[in-house]
Amino acid sequence: MPLLAIPFPMIDPVLIEFGPLAIRWYALAYIAGILLAWRYMVVTVRNTNLWGKTAHPTGTDIDDFVMWATLGIVLGGRLGYVLFYNLPYYLANPAEILAVWQGGMAFHGGLLGMIVVLFIYSRARGLSGWTMFDLAAIAAPIGLFFGRIANFINSELWGRVTDVPWAVVFPNGGPEPRHPSQLYEAALEGALLFLVLRLLSHRFKLLQKPGVLAGSFAIGYGLARTFVEFYRVPDAHIGYLSGFFTMGMLLSLPMVLIGIIIVVWALKRNTENKEAK
């Protein structure tokens with residue numbers, strides 16, 4: 001092992017076991033991400049300084065949305081993994097689709113699941129869909145941060161072999177030191193993206209321009225994920241699609257373009273609405 005490689009901190013992926021029942025760090029990451037995102041959204045809608053005259057949901061609306069969001073994230077994330085990353089296996093073993101405790105969740109699937117439930121919930125409650133998208137966007141990096149930390153604890157989704165001083169020797173990644181790509185994603189998709197969106201929502205009051213923050217999230221996540229894909233090893237059963245190009249890039253790069261379109265459209269619509277008044 002190279003002198004500068006860091007041994008993997010041996011953290012058991014299972015926090016507590018009660019007979020056949022196991023509480024895993026990965027499940028706790030989902031729970032923590034959803035609960036903290038919920039509270040952040042509630043605090044945000046109650047901060048009247050952020051909204052001006054813009055109509056927005058109440059704290060009760062956000063409370064009632066939590067169950068919808070959980071279903072969208074879990075079902076969408078699982079189906080996304082099945083469809084995007086391992087469809088032939090699950091077609092041959094359909095019963096395994098429900099075995100979420102064995103791993104296999106996809107962010108892009110969870111995102112699509114959230115979009116569907118946000119649309120349905122907003123229509124049912126008579127709320128602005130774009131405002132709900134904005135609120136979900138500024139809170140989403142919280143869950144992404146905890147999810148990537150859980151990926152690190154599970155010793156999964158590790159990076160390419162490297163000689164950087166902070167390289168880690170993963171227990172199931174062979175003897176070579178590798179990029180801790182999960183921590184890169186936690187820092188970029190989680191902490192940094194949260195701070196950028198916090199600045200846009202609280203300093204520049206962009207919640208008053210529905211759609212801008214949702215588009216900004218798409219741009220930020222797409223760029224962060226694409227960047228980390230250069231250091232992360234793709235799923236073994238998929239590999240590289242072409243040269244250095246990966247499935248993660250294929251799913252993330254369109255988010256950047258879509259995000260730019262949404263931001264431009266939202267800013268233009270806001271300007272037109274002001275002029276009309």
# chains A, B, ... in the order shown; residues from 1 in each chain; ligands from 1
$ select_by_dssp --residues "stretch 73-240 of chain A" --states "strand (DSSP E or B)" --output "list in words"
Gly159, Val161, Val168, Val169, Arg178 and Arg232 of chain A
$ write_last_selection --atoms "N, CA, C and O atoms" --output "JSON list (two decimals), in the first residue's frame"
[["chain", "number", "residue", "atom", "x", "y", "z"],
["A", 159, "GLY", "N", -14.10, 5.48, -6.16],
["A", 159, "GLY", "CA", -13.52, 6.11, -7.33],
["A", 159, "GLY", "C", -12.41, 5.31, -7.99],
["A", 159, "GLY", "O", -12.12, 4.17, -7.63],
["A", 161, "VAL", "N", -8.53, 4.42, -9.33],
["A", 161, "VAL", "CA", -7.22, 4.29, -8.68],
["A", 161, "VAL", "C", -6.46, 5.60, -8.85],
["A", 161, "VAL", "O", -6.47, 6.22, -9.92],
["A", 168, "VAL", "N", -8.07, 6.50, -0.64],
["A", 168, "VAL", "CA", -8.54, 5.54, 0.37],
["A", 168, "VAL", "C", -8.47, 4.13, -0.21],
["A", 168, "VAL", "O", -8.80, 3.91, -1.38],
["A", 169, "VAL", "N", -8.04, 3.18, 0.61],
["A", 169, "VAL", "CA", -8.04, 1.78, 0.22],
["A", 169, "VAL", "C", -9.35, 1.17, 0.72],
["A", 169, "VAL", "O", -9.53, 0.94, 1.92],
["A", 178, "ARG", "N", -7.84, 4.55, -3.90],
["A", 178, "ARG", "CA", -8.82, 5.10, -4.84],
["A", 178, "ARG", "C", -9.34, 6.47, -4.39],
["A", 178, "ARG", "O", -9.27, 6.81, -3.21],
["A", 232, "ARG", "N", -15.04, 8.72, -10.54],
["A", 232, "ARG", "CA", -15.80, 7.60, -9.99],
["A", 232, "ARG", "C", -15.80, 6.41, -10.96],
["A", 232, "ARG", "O", -15.89, 6.59, -12.17]]
$ residues_around --residues "A:Leu15" --least-positions-apart "2" --cutoff "10 Å" --atoms "only C-alpha atoms" --output "PyMOL selection string"
chain A and resi 11-13+17+22-26+28
$ residues_around --residues "A:Met249" --least-positions-apart "3" --cutoff "10 Å" --atoms "only C-alpha atoms" --output "NGL selection string"
:A and (222-223 or 225-230 or 241 or 244-246 or 252-255)
$ write_last_selection --atoms "C-alpha atoms" --output "CSV table (one decimal), in the first residue's frame"
chain,number,residue,atom,x,y,z
A,222,GLY,CA,-25.8,18.2,-13.3
A,223,LEU,CA,-22.4,20.0,-13.2
A,225,ARG,CA,-22.3,14.9,-10.8
A,226,THR,CA,-20.7,15.1,-14.2
A,227,PHE,CA,-17.5,16.4,-12.7
A,228,VAL,CA,-17.3,13.6,-10.1
A,229,GLU,CA,-18.0,11.0,-12.8
A,230,PHE,CA,-14.4,11.6,-14.1
A,241,LEU,CA,-20.6,3.8,-22.5
A,244,PHE,CA,-14.7,8.1,-20.6
A,245,PHE,CA,-18.5,8.6,-20.9
A,246,THR,CA,-20.6,7.0,-18.2
A,252,SER,CA,-26.8,14.4,-15.7
A,253,LEU,CA,-25.7,16.5,-18.6
A,254,PRO,CA,-29.2,17.0,-19.9
A,255,MET,CA,-30.1,18.4,-16.5
$ residues_around --residues "A:Tyr121" --least-positions-apart "6" --cutoff "10 Å" --atoms "only C-alpha atoms" --output "list in words"
Asp61, Asp64, Phe65, Trp68, Ala69, Ile115, Leu127, Gly129 and Met132 of chain A
$ write_last_selection --atoms "N, CA, C and O atoms" --output "PDB file, in the first residue's frame"
ATOM      1  N   ASP A  61     -49.095  22.665   4.668  1.00  0.00           N
ATOM      2  CA  ASP A  61     -48.958  22.089   3.327  1.00  0.00           C
ATOM      3  C   ASP A  61     -47.685  21.253   3.227  1.00  0.00           C
ATOM      4  O   ASP A  61     -47.683  20.171   2.636  1.00  0.00           O
ATOM      5  N   ASP A  64     -47.970  17.953   5.266  1.00  0.00           N
ATOM      6  CA  ASP A  64     -48.766  16.944   4.571  1.00  0.00           C
ATOM      7  C   ASP A  64     -48.041  16.362   3.365  1.00  0.00           C
ATOM      8  O   ASP A  64     -48.375  15.270   2.902  1.00  0.00           O
ATOM      9  N   PHE A  65     -47.058  17.088   2.865  1.00  0.00           N
ATOM     10  CA  PHE A  65     -46.348  16.640   1.669  1.00  0.00           C
ATOM     11  C   PHE A  65     -45.267  15.598   1.973  1.00  0.00           C
ATOM     12  O   PHE A  65     -44.813  14.896   1.068  1.00  0.00           O
ATOM     13  N   TRP A  68     -45.893  12.066   0.743  1.00  0.00           N
ATOM     14  CA  TRP A  68     -45.833  12.046  -0.716  1.00  0.00           C
ATOM     15  C   TRP A  68     -44.372  12.038  -1.185  1.00  0.00           C
ATOM     16  O   TRP A  68     -43.998  11.278  -2.083  1.00  0.00           O
ATOM     17  N   ALA A  69     -43.579  12.917  -0.583  1.00  0.00           N
ATOM     18  CA  ALA A  69     -42.171  13.030  -0.984  1.00  0.00           C
ATOM     19  C   ALA A  69     -41.427  11.728  -0.735  1.00  0.00           C
ATOM     20  O   ALA A  69     -40.618  11.284  -1.565  1.00  0.00           O
ATOM     21  N   ILE A 115     -40.727  14.738  -8.996  1.00  0.00           N
ATOM     22  CA  ILE A 115     -41.415  15.613  -9.940  1.00  0.00           C
ATOM     23  C   ILE A 115     -42.869  15.192 -10.108  1.00  0.00           C
ATOM     24  O   ILE A 115     -43.787  16.024 -10.114  1.00  0.00           O
ATOM     25  N   LEU A 127     -51.716  24.685  -5.259  1.00  0.00           N
ATOM     26  CA  LEU A 127     -50.478  25.418  -4.985  1.00  0.00           C
ATOM     27  C   LEU A 127     -49.705  25.655  -6.274  1.00  0.00           C
ATOM     28  O   LEU A 127     -49.900  24.965  -7.274  1.00  0.00           O
ATOM     29  N   GLY A 129     -46.985  25.016  -8.597  1.00  0.00           N
ATOM     30  CA  GLY A 129     -46.072  23.895  -8.803  1.00  0.00           C
ATOM     31  C   GLY A 129     -44.627  24.327  -8.795  1.00  0.00           C
ATOM     32  O   GLY A 129     -43.776  23.663  -8.192  1.00  0.00           O
ATOM     33  N   MET A 132     -43.353  24.959  -5.278  1.00  0.00           N
ATOM     34  CA  MET A 132     -43.084  23.691  -4.605  1.00  0.00           C
ATOM     35  C   MET A 132     -41.792  23.064  -5.120  1.00  0.00           C
ATOM     36  O   MET A 132     -41.003  22.513  -4.343  1.00  0.00           O
TER      37      MET A 132
END
$ select_by_dssp --residues "stretch 1-110 of chain A" --states "alpha helix (DSSP H)" --output "PyMOL selection string"
chain A and resi 25-46+59-85+87-92+107-110
$ closest_residue --among "A:Lys53, A:Ala167, A:Phe107, A:Ala214" --to "A:Ser201" --atoms "only C-alpha atoms"
A:Ala214
$ atom_distance --atom1 "atom CA of A:Tyr221" --atom2 "atom CA of A:Gly190"
9.0 Å
